[in-house]
file coords.txt (compact mmCIF, C-alpha atoms)
# COMPACT_ATOMS: atom_id res chain seq x y z
CA MET A 1 92.37 51.29 56.95
CA LYS A 2 90.18 52.16 59.91
CA THR A 3 90.07 55.85 60.68
CA ILE A 4 89.87 57.47 64.10
CA GLY A 5 89.00 61.05 64.93
CA ILE A 6 90.58 62.14 68.20
CA VAL A 7 88.84 65.16 69.67
CA GLY A 8 91.40 66.94 71.83
CA GLY A 9 95.08 67.46 71.13
CA GLY A 10 96.56 67.68 74.61
CA VAL A 11 99.15 65.26 75.91
CA VAL A 12 96.61 62.42 76.27
CA GLY A 13 95.15 62.92 72.80
CA LEU A 14 98.52 63.22 71.06
CA SER A 15 99.91 60.20 72.91
CA CYS A 16 96.87 58.21 71.80
CA ALA A 17 97.37 59.43 68.25
CA VAL A 18 100.95 58.17 68.13
CA ALA A 19 99.98 54.80 69.63
CA LEU A 20 97.12 54.33 67.16
CA LEU A 21 99.15 55.42 64.15
CA ASP A 22 101.80 52.89 65.14
CA ARG A 23 99.07 50.23 64.99
CA GLY A 24 98.13 51.18 61.46
CA TYR A 25 95.06 53.35 62.01
CA GLY A 26 94.37 56.52 60.09
CA VAL A 27 94.23 59.32 62.66
CA SER A 28 92.99 62.89 62.64
CA VAL A 29 93.41 64.99 65.79
CA PHE A 30 90.99 67.88 66.23
CA GLU A 31 92.41 70.61 68.44
CA ARG A 32 91.27 74.21 68.31
CA ASP A 33 94.06 75.77 70.40
CA THR A 34 97.31 76.80 68.74
CA ASP A 35 99.12 78.49 71.64
CA TYR A 36 99.99 75.45 73.80
CA ASN A 37 98.20 77.09 76.70
CA ALA A 38 96.16 74.12 77.92
CA ALA A 39 96.79 72.26 81.18
CA SER A 40 98.86 69.68 79.28
CA TRP A 41 101.55 72.26 78.57
CA GLY A 42 101.43 74.38 81.73
CA ASN A 43 101.56 71.78 84.46
CA ALA A 44 104.35 71.00 86.92
CA GLY A 45 106.08 68.59 84.52
CA HIS A 46 106.14 65.95 87.26
CA ILE A 47 105.75 62.24 86.46
CA ALA A 48 103.90 61.54 89.70
CA VAL A 49 104.05 57.76 90.01
CA GLU A 50 103.71 58.12 93.79
CA GLN A 51 100.16 59.48 93.67
CA VAL A 52 98.28 56.19 93.78
CA GLU A 53 95.87 57.35 96.47
CA PRO A 54 92.99 59.35 94.98
CA LEU A 55 92.29 62.75 96.48
CA ALA A 56 88.71 61.60 97.07
CA SER A 57 89.41 60.34 100.58
CA PRO A 58 88.24 60.86 104.16
CA ALA A 59 91.62 62.35 105.08
CA ALA A 60 91.54 64.85 102.22
CA LEU A 61 88.04 66.00 103.18
CA ARG A 62 89.09 66.50 106.81
CA SER A 63 92.05 68.59 105.71
CA VAL A 64 90.07 71.05 103.56
CA PRO A 65 89.45 73.78 106.19
CA LYS A 66 93.16 74.24 106.93
CA ARG A 67 94.02 74.05 103.24
CA LEU A 68 91.68 76.83 102.10
CA PHE A 69 93.19 79.79 100.27
CA SER A 70 91.85 82.12 102.94
CA ALA A 71 93.87 80.16 105.53
CA GLY A 72 97.05 80.33 103.46
CA GLY A 73 96.49 77.04 101.66
CA ALA A 74 96.03 75.95 98.06
CA VAL A 75 92.31 75.05 97.92
CA ALA A 76 90.09 77.80 96.54
CA LEU A 77 86.29 77.75 96.41
CA PRO A 78 85.39 81.08 94.78
CA PRO A 79 81.91 82.24 95.87
CA SER A 80 81.25 83.45 92.31
CA MET A 81 81.70 79.85 91.08
CA ALA A 82 79.61 78.13 93.76
CA ALA A 83 77.18 76.87 91.13
CA HIS A 84 80.06 74.78 89.78
CA TRP A 85 81.77 73.54 92.93
CA LEU A 86 78.82 72.96 95.27
CA PRO A 87 77.38 70.03 93.24
CA PHE A 88 80.91 68.72 92.70
CA ALA A 89 81.65 68.93 96.43
CA ALA A 90 78.56 66.84 97.19
CA ARG A 91 79.66 64.17 94.71
CA LEU A 92 83.24 64.30 96.01
CA THR A 93 81.98 63.74 99.55
CA ALA A 94 79.93 60.74 98.41
CA ALA A 95 82.98 59.32 96.64
CA SER A 96 85.26 59.75 99.67
CA THR A 97 84.10 56.86 101.84
CA PRO A 98 86.77 54.46 103.11
CA ALA A 99 85.50 51.69 100.83
CA LYS A 100 85.51 53.87 97.71
CA PHE A 101 88.90 55.29 98.59
CA ALA A 102 90.32 51.76 98.89
CA ALA A 103 88.76 50.80 95.56
CA GLY A 104 90.16 53.93 93.92
CA THR A 105 93.64 53.21 95.25
CA ALA A 106 93.41 49.65 93.95
CA ALA A 107 92.39 50.97 90.52
CA LEU A 108 95.11 53.62 90.28
CA THR A 109 97.96 51.43 91.55
CA PRO A 110 98.46 49.28 88.41
CA LEU A 111 97.76 52.27 86.17
CA LEU A 112 100.54 54.29 87.80
CA ALA A 113 102.85 51.27 87.91
CA GLY A 114 102.81 51.36 84.12
CA ALA A 115 103.34 55.12 83.85
CA MET A 116 107.13 55.33 83.82
CA PRO A 117 107.69 52.29 81.57
CA ALA A 118 105.18 53.79 79.13
CA TRP A 119 107.01 57.12 79.20
CA ARG A 120 110.30 55.36 78.44
CA ASP A 121 108.67 53.61 75.50
CA LEU A 122 107.14 56.82 74.20
CA VAL A 123 110.27 58.97 74.28
CA GLY A 124 112.09 56.05 72.66
CA ALA A 125 109.51 55.89 69.88
CA LEU A 126 109.80 59.67 69.47
CA ASP A 127 113.60 59.42 69.35
CA ALA A 128 113.63 62.09 72.05
CA PRO A 129 115.03 60.47 75.22
CA ASP A 130 116.18 63.83 76.59
CA LEU A 131 112.56 64.81 77.16
CA LEU A 132 112.40 62.47 80.17
CA ARG A 133 114.39 62.70 83.40
CA GLU A 134 114.12 59.98 86.04
CA ASP A 135 115.91 61.50 89.01
CA GLY A 136 112.91 61.69 91.34
CA HIS A 137 111.77 64.76 93.23
CA ILE A 138 112.37 66.43 96.58
CA VAL A 139 109.89 67.35 99.31
CA VAL A 140 110.96 70.15 101.67
CA TRP A 141 109.39 71.50 104.86
CA ASP A 142 109.94 74.89 106.47
CA SER A 143 110.18 73.69 110.08
CA SER A 144 111.29 70.58 111.92
CA ALA A 145 107.77 70.17 113.34
CA SER A 146 106.09 70.18 109.93
CA ALA A 147 108.87 67.92 108.63
CA ARG A 148 108.13 65.31 111.32
CA THR A 149 104.42 65.44 110.56
CA GLY A 150 104.89 65.43 106.81
CA ARG A 151 107.44 62.64 106.78
CA GLN A 152 105.21 60.45 108.96
CA ARG A 153 102.24 61.11 106.69
CA TRP A 154 104.19 60.09 103.60
CA LEU A 155 105.50 56.95 105.32
CA GLN A 156 101.88 55.95 105.95
CA THR A 157 100.80 56.70 102.38
CA ALA A 158 100.70 54.19 99.54
CA ILE A 159 103.20 55.42 96.93
CA GLY A 160 103.18 52.64 94.35
CA THR A 161 106.50 52.04 92.63
CA ALA A 162 108.13 55.13 94.15
CA ARG A 163 110.39 54.97 97.19
CA ILE A 164 111.29 57.49 99.90
CA VAL A 165 114.83 58.11 101.11
CA ASP A 166 116.34 60.76 103.35
CA ALA A 167 117.61 63.77 101.49
CA GLU A 168 121.37 63.32 101.42
CA PRO A 169 123.63 66.13 102.71
CA ALA A 170 124.90 66.90 99.22
CA LEU A 171 121.34 67.46 98.07
CA LEU A 172 120.62 69.76 100.99
CA ASP A 173 123.78 71.67 100.12
CA ARG A 174 122.32 72.30 96.69
CA LEU A 175 119.37 73.96 98.41
CA GLY A 176 121.75 76.31 100.20
CA PHE A 177 120.32 79.27 98.31
CA LEU A 178 117.21 79.21 100.53
CA ALA A 179 116.79 82.17 102.85
CA ASP A 180 116.39 79.87 105.86
CA PRO A 181 117.69 76.33 106.47
CA VAL A 182 115.15 73.66 105.61
CA GLY A 183 113.29 72.09 108.51
CA GLY A 184 113.53 68.71 106.83
CA ALA A 185 113.53 67.07 103.42
CA ILE A 186 112.99 63.70 101.79
CA ARG A 187 113.70 62.49 98.29
CA PHE A 188 111.43 60.33 96.18
CA THR A 189 113.01 57.90 93.76
CA GLY A 190 111.14 56.32 90.85
CA SER A 191 109.39 59.54 89.85
CA GLY A 192 110.61 61.95 87.18
CA GLN A 193 109.86 64.94 85.02
CA ILE A 194 109.47 66.17 81.49
CA THR A 195 112.34 68.51 80.70
CA ASP A 196 110.46 70.85 78.36
CA LEU A 197 106.68 70.84 77.96
CA ARG A 198 106.65 72.98 74.82
CA ALA A 199 109.22 70.69 73.21
CA LEU A 200 107.08 67.70 74.19
CA ALA A 201 104.04 69.21 72.50
CA MET A 202 105.90 70.00 69.30
CA THR A 203 107.63 66.61 69.23
CA LEU A 204 104.33 64.75 69.63
CA GLU A 205 102.69 66.82 66.90
CA ALA A 206 105.65 66.22 64.58
CA ALA A 207 105.43 62.49 65.31
CA VAL A 208 101.75 62.47 64.36
CA ALA A 209 102.53 64.18 61.06
CA ALA A 210 105.54 61.94 60.35
CA ARG A 211 103.36 58.84 60.79
CA GLY A 212 100.78 60.08 58.32
CA GLY A 213 98.30 61.55 60.78
CA ARG A 214 96.91 65.04 60.63
CA ILE A 215 96.09 67.74 63.14
CA VAL A 216 93.00 69.79 62.33
CA ARG A 217 93.02 73.20 64.01
CA GLN A 218 89.35 73.75 64.65
CA ALA A 219 86.64 73.13 67.18
CA VAL A 220 84.25 70.33 66.29
CA ARG A 221 80.79 69.23 67.26
CA LEU A 222 79.69 65.66 67.91
CA ALA A 223 76.30 64.38 66.84
CA GLU A 224 74.37 61.11 66.92
CA GLN A 225 73.47 59.47 63.64
CA SER A 226 71.94 55.99 63.34
CA GLY A 227 73.36 54.87 66.69
CA ARG A 228 76.83 56.19 65.94
CA ILE A 229 78.70 59.35 66.83
CA VAL A 230 79.83 61.53 63.97
CA ILE A 231 82.11 64.54 63.75
CA ALA A 232 80.37 67.19 61.68
CA GLU A 233 81.90 67.51 58.20
CA TYR A 234 84.37 64.64 58.72
CA GLU A 235 84.14 60.93 58.01
CA VAL A 236 85.76 58.68 60.59
CA ASP A 237 85.04 55.15 61.71
CA GLN A 238 85.74 55.74 65.39
CA VAL A 239 85.59 58.79 67.65
CA LEU A 240 87.91 59.11 70.66
CA VAL A 241 87.19 61.99 73.06
CA THR A 242 90.34 63.24 74.81
CA ALA A 243 89.35 66.87 75.23
CA GLY A 244 90.14 67.25 78.92
CA VAL A 245 87.82 69.64 80.69
CA ARG A 246 86.00 70.31 77.40
CA SER A 247 84.90 66.67 77.20
CA ARG A 248 81.88 67.39 79.38
CA ALA A 249 80.39 69.85 76.90
CA LEU A 250 80.99 67.39 74.06
CA LEU A 251 79.39 64.36 75.70
CA GLU A 252 76.54 65.61 77.87
CA PRO A 253 74.39 66.69 74.87
CA LEU A 254 74.67 63.06 73.72
CA GLY A 255 73.18 61.77 76.98
CA TYR A 256 76.33 61.02 78.98
CA ARG A 257 76.70 62.06 82.59
CA VAL A 258 80.08 63.74 83.08
CA PRO A 259 80.21 65.34 86.55
CA MET A 260 83.55 66.95 85.86
CA ILE A 261 84.84 70.24 87.19
CA ALA A 262 87.64 72.55 86.16
CA GLU A 263 90.28 72.26 88.86
CA ARG A 264 92.28 75.33 88.03
CA GLY A 265 95.97 75.67 88.73
CA TYR A 266 98.26 78.69 88.48
CA HIS A 267 101.92 79.06 87.68
CA ILE A 268 104.54 81.75 87.26
CA ARG A 269 107.65 81.38 85.11
CA ALA A 270 110.91 83.27 84.88
CA ARG A 271 114.32 82.92 83.27
CA ALA A 272 116.23 79.81 84.28
CA GLU A 273 119.68 81.29 84.84
CA GLY A 274 119.68 81.22 88.64
CA TRP A 275 118.22 77.75 89.24
CA PRO A 276 120.52 74.69 89.18
CA ALA A 277 119.99 72.86 85.90
CA ASP A 278 120.30 69.41 87.46
CA LEU A 279 118.01 69.96 90.45
CA PRO A 280 114.88 67.76 90.26
CA PRO A 281 111.44 69.20 91.01
CA VAL A 282 111.21 70.58 94.54
CA VAL A 283 107.93 70.48 96.46
CA PHE A 284 107.69 73.09 99.20
CA GLU A 285 104.97 71.23 101.04
CA ASP A 286 104.23 73.90 103.66
CA ARG A 287 103.59 76.31 100.77
CA SER A 288 101.71 73.78 98.56
CA MET A 289 104.08 74.78 95.76
CA ILE A 290 106.23 72.81 93.33
CA VAL A 291 109.18 74.39 91.51
CA THR A 292 110.42 72.80 88.29
CA ARG A 293 113.36 73.70 86.08
CA TYR A 294 112.66 73.41 82.37
CA ALA A 295 115.05 73.99 79.49
CA ASP A 296 114.90 77.78 79.50
CA CYS A 297 112.71 78.71 82.46
CA VAL A 298 111.87 77.92 86.07
CA GLN A 299 108.24 77.46 87.06
CA ALA A 300 106.51 77.71 90.43
CA ALA A 301 103.03 76.18 90.47
CA SER A 302 100.21 75.73 92.96
CA PHE A 303 96.50 75.92 93.76
CA VAL A 304 93.39 73.82 93.44
CA GLU A 305 90.69 76.27 92.43
CA LEU A 306 87.34 74.62 91.69
CA GLY A 307 85.08 76.38 89.27
CA ASP A 308 84.40 77.51 85.73
CA PRO A 309 87.13 76.76 83.17
CA ASP A 310 86.36 80.07 81.47
CA GLY A 311 86.00 82.19 84.59
CA PRO A 312 88.37 85.12 85.17
CA PRO A 313 91.64 84.33 86.97
CA ASP A 314 92.32 85.46 90.53
CA PRO A 315 95.51 87.60 90.49
CA ARG A 316 95.96 87.07 94.24
CA LYS A 317 97.16 83.54 93.49
CA TRP A 318 99.96 84.72 91.22
CA ASP A 319 100.82 87.32 93.86
CA ARG A 320 101.07 84.61 96.50
CA LEU A 321 103.35 82.51 94.31
CA GLU A 322 105.63 85.50 93.82
CA HIS A 323 105.57 86.10 97.59
CA HIS A 324 106.63 82.48 98.24
CA VAL A 325 109.48 82.85 95.75
CA ARG A 326 110.72 85.98 97.51
CA SER A 327 110.25 84.78 101.09
CA LEU A 328 112.00 81.46 100.41
CA GLY A 329 114.90 83.26 98.76
CA LEU A 330 114.58 81.25 95.56
CA PRO A 331 117.02 82.29 92.83
CA ILE A 332 114.21 83.13 90.44
CA GLU A 333 114.05 86.68 89.17
CA GLY A 334 111.26 88.30 87.21
CA PRO A 335 109.71 89.49 85.14
CA PHE A 336 107.31 86.60 85.62
CA THR A 337 104.91 85.25 83.04
CA ARG A 338 101.58 84.15 84.47
CA TRP A 339 99.41 81.17 83.49
CA ILE A 340 96.16 79.55 84.55
CA GLY A 341 94.90 76.19 83.34
CA ALA A 342 92.08 73.79 84.11
CA ARG A 343 92.70 70.20 85.19
CA PRO A 344 89.77 67.92 84.22
CA THR A 345 88.63 66.36 87.49
CA LEU A 346 85.89 63.82 88.18
CA PRO A 347 84.52 63.51 91.74
CA ASP A 348 86.17 60.17 92.54
CA TYR A 349 89.53 61.40 91.20
CA LEU A 350 89.73 58.53 88.73
CA PRO A 351 89.98 59.11 84.99
CA ALA A 352 87.36 58.09 82.45
CA ILE A 353 88.90 55.55 80.07
CA GLY A 354 86.75 53.19 78.05
CA ARG A 355 84.26 52.82 75.24
CA SER A 356 80.56 53.45 75.06
CA THR A 357 78.01 50.66 75.21
CA ARG A 358 75.39 52.95 73.67
CA HIS A 359 77.32 54.29 70.68
CA VAL A 360 79.39 51.53 69.15
CA ASN A 361 82.06 53.81 67.69
CA LEU A 362 82.66 56.11 70.69
CA ALA A 363 85.60 55.83 73.08
CA TYR A 364 87.01 58.26 75.62
CA ALA A 365 90.06 59.05 77.73
CA PHE A 366 89.84 62.16 79.92
CA GLY A 367 89.43 63.30 83.51
CA HIS A 368 92.98 62.52 84.64
CA GLN A 369 92.99 65.42 87.19
CA HIS A 370 96.58 66.01 88.41
CA LEU A 371 97.83 62.93 86.56
CA GLY A 372 97.25 63.80 82.89
CA LEU A 373 100.92 64.17 82.06
CA THR A 374 101.88 61.18 84.21
CA LEU A 375 99.31 58.83 82.69
CA ALA A 376 99.19 59.99 79.06
CA PRO A 377 101.43 57.27 77.52
CA VAL A 378 100.02 54.39 79.56
CA THR A 379 96.50 55.61 78.79
CA ALA A 380 97.41 55.63 75.09
CA MET A 381 98.70 52.05 75.32
CA LEU A 382 95.49 50.89 77.01
CA VAL A 383 93.23 52.74 74.57
CA ALA A 384 95.07 51.33 71.57
CA ALA A 385 94.71 47.80 72.93
CA MET A 386 91.04 48.34 73.71
CA LEU A 387 90.24 49.66 70.23
CA ALA A 388 92.11 46.75 68.67
CA GLY A 389 89.88 44.32 70.52
CA GLU A 390 92.65 43.15 72.83
CA THR A 391 92.50 42.82 76.61
CA PRO A 392 94.20 45.92 78.07
CA ALA A 393 97.08 45.29 80.46
CA VAL A 394 95.23 47.19 83.21
CA PRO A 395 91.52 46.52 83.91
CA LEU A 396 89.47 49.45 82.66
CA ALA A 397 86.20 48.68 84.45
CA PRO A 398 86.92 51.14 87.33
CA PHE A 399 87.33 53.93 84.78
CA ASP A 400 84.10 53.31 82.84
CA LEU A 401 82.15 56.55 82.44
CA ASP A 402 78.91 54.70 83.11
CA ARG A 403 79.86 54.59 86.79
CA PHE A 404 78.18 58.01 86.94
CA GLY A 405 75.00 56.82 85.22
CA ARG A 406 73.26 58.51 82.34
CA LYS A 407 72.56 62.21 82.20
CA GLY A 408 69.52 63.06 84.26
CA LEU A 409 69.77 59.85 86.30
CA HIS A 410 71.49 59.21 89.60
CA ALA A 411 74.57 57.00 89.62
call {"tool": "encode", "arguments": {"input": "coords.txt", "output": "structure tokens"}}
result
Amino acid sequence: MKTIGIVGGGVVGLSCAVALLDRGYGVSVFERDTDYNAASWGNAGHIAVEQVEPLASPAALRSVPKRLFSAGGAVALPPSMAAHWLPFAARLTAASTPAKFAAGTAALTPLLAGAMPAWRDLVGALDAPDLLREDGHIVVWDSSASARTGRQRWLQTAIGTARIVDAEPALLDRLGFLADPVGGAIRFTGSGQITDLRALAMTLEAAVAARGGRIVRQAVRLAEQSGRIVIAEYEVDQVLVTAGVRSRALLEPLGYRVPMIAERGYHIRARAEGWPADLPPVVFEDRSMIVTRYADCVQAASFVELGDPDGPPDPRKWDRLEHHVRSLGLPIEGPFTRWIGARPTLPDYLPAIGRSTRHVNLAYAFGHQHLGLTLAPVTAMLVAAMLAGETPAVPLAPFDLDRFGRKGLHA
């Protein structure tokens, strides 16, 4: 039996573990965290099949000034973390040409087309269909003017397998708790959500154990030995790096160029009693905030803060989320729990999925930015096919890490 060491036990790593165990591999997952506090388990829970256009785009760059935190928006560039985000911003700008944006969209489109089918297959294999809901999501605007602008922008945006319909009157009635009438709303179909992120984590871990895999609760170090990558103190045939934002520190000492940044998001959570249980995720687009009902809590999430994954949080962002909750009249009452997590983002807003040409036993799957939860099962399917020597259903060339060159060299 071939053995694989998966370094990183977030949603991507655990999904890969299940897929590889089902193919007959021996799998060990190395994950140091035990509190389910990583980005995998604190995100918006949204299966975002509509996000086929990468955020590395001319339009996104033009919009940055009005989206800055200081202007009331969600983008934060902390001066204390400029050493992190300035080099990333330069690479992001270089990756945001019209040609590269078109190529990125073409690469993400088939990947996202497989996202929901892969989620259906995964929850079926886990015997946990209730973890997945496929009732879309809602986008709401505060004013009729912003609704006209926002609706037109979405109608001009590639959205893959998702579809846009007008929010029906019954749906708007369900938003009647808002302090002010909505300026406009649309509903996306084809998207969905995970109903309970903590339950997803525990179910995936239980599935790994039930299939004969193991989860090793410790940090590990990678080293090179005779042209291969080894995990100190452990013998495995293959190494798969799925460590999210920590993948950079694992791979750059081995000579790989990983120009990844921590794109930090914030959320607040409170008891779920006041929020309708059957309401799909609601995006308050003028506030850059998404509200999701989970099994026992409601979560409001926002912000794109570029910087150090280990830097101190900015309490003003939690305060702003609480202000939005109050000013919108949302039926969410504290006390609130507060969370910060780091999305692993590469400058072209495409993930890194592939295998090394320099170390024959090294593969990787990380850098999924806002789409880690969305793309975890389809990524696992592609990785399992790749490691089995099969042709993956989606071309992986656009996601090859070597697109950034080797460490110390320009791409």
call {"tool": "closest_residue", "arguments": {"input": "coords.txt", "among": "A:Arg403, A:Ala365, A:Val360, A:Asp142", "to": "Asp237 of chain A", "atoms": "all atoms listed in the file"}}
result
A:Val360
call {"tool": "residues_around", "arguments": {"input": "coords.txt", "residues": "Gly354 of chain A", "least_positions_apart": "5", "cutoff": "7 Å", "atoms": "all atoms listed in the file", "output": "PyMOL selection string"}}
result
chain A and resi 363-365+396+399-400
call {"tool": "residues_around", "arguments": {"input": "coords.txt", "residues": "Arg23 of chain A", "least_positions_apart": "5", "cutoff": "9 Å", "atoms": "all atoms listed in the file", "output": "NGL selection string"}}
result
:A and (18 or 384 or 388)
call {"tool": "closest_residue", "arguments": {"input": "coords.txt", "among": "A:Val49, A:Ser288, A:Trp318, A:Asn43", "to": "Lys66 of chain A", "atoms": "all atoms listed in the file"}}
result
A:Ser288
call {"tool": "closest_residue", "arguments": {"input": "coords.txt", "among": "A:Ala232, A:Leu382, A:Ala145, A:Val245", "to": "Pro259 of chain A", "atoms": "all atoms listed in the file"}}
result
A:Val245
call {"tool": "closest_residue", "arguments": {"input": "coords.txt", "among": "A:Leu92, A:Leu21, A:Leu77, A:Ile229", "to": "Pro54 of chain A", "atoms": "only C-alpha atoms"}}
result
A:Leu92
call {"tool": "residues_around", "arguments": {"input": "coords.txt", "residues": "Arg257 of chain A", "least_positions_apart": "2", "cutoff": "7 Å", "atoms": "all atoms listed in the file", "output": "PyMOL selection string"}}
result
chain A and resi 252+255+259+404-407
call {"tool": "atom_distance", "arguments": {"input": "coords.txt", "atom1": "atom CA of Gly72 of chain A", "atom2": "atom CA of Val304 of chain A"}}
result
12.5 Å
call {"tool": "residues_around", "arguments": {"input": "coords.txt", "residues": "Gly192 of chain A", "least_positions_apart": "6", "cutoff": "12 Å", "atoms": "only C-alpha atoms", "output": "number ranges by chain"}}
result
A: 44-50, 115-117, 119-120, 131-138, 162, 279-282, 292, 373-374
call {"tool": "atom_distance", "arguments": {"input": "coords.txt", "atom1": "atom CA of Ala301 of chain A", "atom2": "atom CA of Val241 of chain A"}}
result
27.5 Å
